[in-house]
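Each remark here refers to the structure printed beneath this line.
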Amino acid sequence: MTEPLIELRNVSKHFAGVKALTDVSIAVHPGEVVCLLGDNGAGKSTLIKILSGFHPPSSGSIYLDGQETRFADPRDARSRGIATVHQEVGTIPLMSVGRNFFLGAELKKGRPPFRWLDTERCNSIALEQIRKFGITRVRDGDQLVGTLSGGERQVIAIGRAMYFGAKVLILDEPTSALGVKEASTVLRFINHAKNQGVGVVFITHNAHHAMSAGDYFVVLIQGQVAARFRRGEKSSVEVLSLMAGGEQIEDVAGEFAHLGKNDAAARPATQG
Amino acid sequence: MASVVDSAAQGVHDTSARGRWSLKGMARRPEFGAVVATVLVYLFFAVTTQGAGFVSIDGTAGWLDTAAELGIIAIPVGILMIAGEFDLSVGSIVGASAVFLAIGTTVFNVPFWLMIAIVLLGGACVGLINGIITVRTGLPSFIVTLAASFCVSGGATGLARLLTNTTNISVNPPPDVHLLFGSAWGQANVSILWWIAVTAAAGLVLSRTAFGNWIYATGGDPVAARGAGVPTNLVKVVLFIATGVAAAFVGVIQGVEYHSGNATAGLGYVFQSIIVAVVGGVLLGGGYGSAFGVFLGTMIYGIINVGIFYTGWSTDWVQLFLGVLLLCAVLANSYFRRFAMSAR
């Protein structure tokens, strides 16, 4: 096994006495998709925030390329190749594709103090990259991002991070606001990123999305690692029940069946 | 819905195929509505004032004069709105700047150029304070700058009365100052040139610099902008300073032009600058707009004001005209926003 790109060892985090994470270890290898699963409040977002430099861990350590390290802030983490793409906030709809792609890293031309934006180069590189991501219906870098679909916008946000040298991609529920077809666009792109040797941390609520993209799965329950397994070691029903915090999904299904029966019983009465 | 959307996407393809000047490409520009409105409003008054002199050189100079000083303020106010913030303190800064210019030069004999520099610095300070309070507290700039407006206005009036026992003080500018800020060719004031210069500079910043990109991003989605490494707070503070300086600059122009400083002059600019920015295609919520659009919005304002005068109607109608125009502009802008956001 190759050396992990980033690794957390025995990390705990508490806020004002409240434990958010307890003794969590997680490693992300190049070309591997690590799925982070868990219900709301399980500690997923705290874990992402530690990985992306928002919070320092209360105890435990972070290893980047095998070296123990600390992130000063998110900018520091980003400059060292840890990119985070959040649901819905990757791109700005009323700005053009070219302007979005190079936001914060604009290409310039001319001599100081007159450093003008090199719009043509921004647009042509953005278009070229976006084509590589598999979005072919954009033909003009001046096109507003708002005219693209949610999946395409998410792909641009992820691809943009890769173009600027991300080694680890943290994808915070990138598919949860999307339709089935849109989500598959994003999942396909996650696979592409993985094949490029990027390490991916993929957070999702959707067991199917997790099963189709993930290589390695970590389930968090109440701030602790409740289970970890490789692809193929568990069925999607088992994963789903783990994600629901260990509650047996079959029980819920049973309750539904029961409700259905009551409904059926009630119907003739209301009609009559 | 889907077919509308497809045709919208198709329109974009056509743009690139047929070059930059296709109709659909133009319609995507933020100032498109303002161009149409300017032409319509101008034609309306050109026809209804037949022979009354609205289209003459003097008439044209008249509406350009009316627009110019408002325009110098409206450009930075509009850009600040693109970045997602309001500045309601501009009106007070205009009045206070004119008054302090008058007090400094007439009562205390401060050299004119030095006093101009002090007044501009004062405008910058008000902007800086507005900006810092807004970004630090996260309060709406609407309320922060409204408070600043009252502080500046009240402070300036009080101080003027304390120092000179009046709030209307005469200004006697030397010839070089008068040439730059108060001269006129026929009916056309030098402020028209300043207005064009400010618009050109703002247009370059917005469309051709990285900072311009940051302004759109800050107003479009501050979270995404910060995520991409844009210093959104810095962007806002810089723009607040720009509106403060622009307002102080207009205060200087007014002091020199009218040879007097009046603390209550300029209060009308507060809403006028927001109105012309919106009429010029700036979204109230931020993230979209252009300097040229605000320029056109200001032109429309001038045309209506002066045009009504030439028709011989009561100038009471100006407000009605502006109100209707503002409503149309807001509706058109919000339609465009939906169009751009929903098109998939």
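The chains in the structure tokens are called A, B, ... from first to last as shown; in each chain the residues are counted from 1, and the ligands are counted from 1 in the order shown.
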Original post:
Would you give me, as a list in words, the residues in region 53-210 of chain A that DSSP reads as strand (DSSP E)?
Top reply: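 Secondary structure check on region 53-210 of chain A, strand (DSSP E): Ser59, Gly60, Ser61, Ile62, Tyr63, Leu64, Gln67, Glu68, Thr69, Ile82, Ala83, Thr84, Val85, His86, Lys108, Lys109, Trp116, Leu117, Val168, Leu169, Ile170, Leu171, Asp172, Gly199, Val200, Val201, Phe202 and Ile203 of chain A.
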If we count only C-alpha atoms, which residues of chain A reach to within 8 Å of chain B? Please list them as a compact mmCIF listing (two decimals) with N, CA and C atoms, in the first residue's frame.
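Written output follows (out26.txt):
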```txt
# COMPACT_ATOMS: atom_id res chain seq x y z
N ARG A 75 -6.71 28.46 4.27
CA ARG A 75 -5.89 28.89 3.16
C ARG A 75 -4.58 28.09 3.11
N VAL A 89 -22.09 25.60 -3.13
CA VAL A 89 -21.35 26.85 -3.05
C VAL A 89 -19.99 26.77 -3.74
N GLY A 90 -19.93 26.02 -4.82
CA GLY A 90 -18.67 25.93 -5.54
C GLY A 90 -18.51 27.03 -6.57
N THR A 91 -19.60 27.38 -7.23
CA THR A 91 -19.51 28.34 -8.32
C THR A 91 -20.56 29.43 -8.14
N ILE A 92 -20.34 30.56 -8.81
CA ILE A 92 -21.23 31.71 -8.66
C ILE A 92 -22.05 31.87 -9.94
N PRO A 93 -23.39 31.70 -9.82
CA PRO A 93 -24.23 31.57 -11.01
C PRO A 93 -24.20 32.77 -11.95
N LEU A 94 -24.12 33.99 -11.40
CA LEU A 94 -24.21 35.16 -12.27
C LEU A 94 -22.86 35.60 -12.81
N MET A 95 -21.86 34.74 -12.68
CA MET A 95 -20.56 35.06 -13.28
C MET A 95 -20.27 34.06 -14.40
N ARG A 99 -14.63 33.45 -15.63
CA ARG A 99 -14.39 34.21 -14.40
C ARG A 99 -14.51 33.32 -13.17
N LEU A 103 -11.48 32.38 -10.44
CA LEU A 103 -11.75 33.26 -9.30
C LEU A 103 -10.71 33.05 -8.19
N GLY A 104 -10.10 34.15 -7.79
CA GLY A 104 -9.10 34.08 -6.73
C GLY A 104 -7.72 33.70 -7.22
N GLU A 106 -6.76 34.71 -10.70
CA GLU A 106 -6.95 35.28 -12.03
C GLU A 106 -5.64 35.36 -12.82
N LYS A 108 -3.30 37.23 -15.41
CA LYS A 108 -3.16 38.64 -15.73
C LYS A 108 -2.16 38.84 -16.84
N ARG A 115 -1.99 45.68 -14.34
CA ARG A 115 -2.09 44.25 -14.53
C ARG A 115 -3.53 43.92 -14.88
N TRP A 116 -3.80 43.80 -16.17
CA TRP A 116 -5.18 43.57 -16.58
C TRP A 116 -5.51 42.08 -16.55
N LEU A 117 -6.80 41.83 -16.37
CA LEU A 117 -7.31 40.46 -16.41
C LEU A 117 -7.15 39.93 -17.83
N ASP A 118 -6.58 38.73 -17.96
CA ASP A 118 -6.43 38.14 -19.29
C ASP A 118 -7.66 37.28 -19.58
N THR A 119 -8.75 37.96 -19.92
CA THR A 119 -10.04 37.27 -20.06
C THR A 119 -9.98 36.18 -21.13
N VAL A 138 -20.83 23.66 -23.32
CA VAL A 138 -20.40 25.04 -23.11
C VAL A 138 -19.40 25.38 -24.22
N ARG A 139 -19.72 26.39 -25.03
CA ARG A 139 -18.80 26.73 -26.12
C ARG A 139 -18.25 28.14 -26.00
N ASP A 140 -18.69 28.86 -24.97
CA ASP A 140 -18.27 30.25 -24.83
C ASP A 140 -17.91 30.49 -23.36
N GLN A 143 -20.18 32.49 -21.10
CA GLN A 143 -21.50 31.98 -20.68
C GLN A 143 -21.60 31.99 -19.16
N LEU A 144 -22.76 32.41 -18.65
CA LEU A 144 -22.94 32.44 -17.20
C LEU A 144 -23.07 31.02 -16.65
N GLY A 146 -24.78 30.12 -14.22
CA GLY A 146 -26.17 29.87 -13.88
C GLY A 146 -26.95 29.16 -14.96
N THR A 147 -26.44 29.17 -16.20
CA THR A 147 -27.15 28.50 -17.29
C THR A 147 -26.81 27.01 -17.33
N LEU A 148 -25.87 26.57 -16.50
CA LEU A 148 -25.50 25.15 -16.47
C LEU A 148 -26.35 24.39 -15.45
N SER A 149 -26.32 23.07 -15.56
CA SER A 149 -27.08 22.27 -14.59
C SER A 149 -26.30 22.17 -13.29
N GLY A 150 -27.00 21.76 -12.23
CA GLY A 150 -26.36 21.63 -10.93
C GLY A 150 -25.18 20.68 -10.96
```
Original post:
Expressed in Å to a single decimal, how great is the separation between CA of Trp195 (chain B) and CA of Ile241 (chain B)?
Top reply: 17.8 Å
Original post:
Between B:Val36, B:Met299, B:Val252, B:Ala246, which is the closest to Val99 (chain B) once you count only C-alpha atoms?
Top reply: B:Val252
Find the residues around Tyr216 (chain A) up to 9 Å (only C-alpha atoms counted), leave out those fewer than 5 positions away in its own chain, and share them as an mmCIF file with C-alpha atoms, in the first residue's frame.
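And here's around09.cif as it stands now:
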```
data_model
loop_
_atom_site.group_PDB
_atom_site.id
_atom_site.type_symbol
_atom_site.label_atom_id
_atom_site.label_comp_id
_atom_site.auth_asym_id
_atom_site.auth_seq_id
_atom_site.Cartn_x
_atom_site.Cartn_y
_atom_site.Cartn_z
ATOM 1 C CA GLU A 32 -8.772 6.137 -3.446
ATOM 2 C CA VAL A 33 -12.266 7.333 -2.567
ATOM 3 C CA VAL A 34 -12.947 7.299 1.157
ATOM 4 C CA CYS A 35 -16.663 7.544 1.911
ATOM 5 C CA LEU A 36 -17.530 9.228 5.149
ATOM 6 C CA ARG A 228 -14.847 0.653 8.611
ATOM 7 C CA PHE A 229 -14.811 -1.657 5.617
ATOM 8 C CA ARG A 230 -13.739 -1.982 1.987
ATOM 9 C CA ARG A 231 -15.974 -1.987 -1.053
#
```
Subject >> Members of region 143-329 of chain B assigned alpha helix (DSSP H) by DSSP, as a ChimeraX atom specification >> reply: /B:143-164,175-181,191-208,210-220,222-227,232-258,269-279,291-311,317-329
**OP:** Compile the contact shell of Ile143 (chain B) as a PyMOL selection string: residues with an atom at most 10 Å away, counting only C-alpha atoms, same-chain residues fewer than 3 positions apart removed.
**Re:** chain B and resi 86-88+134+139-140+146-149
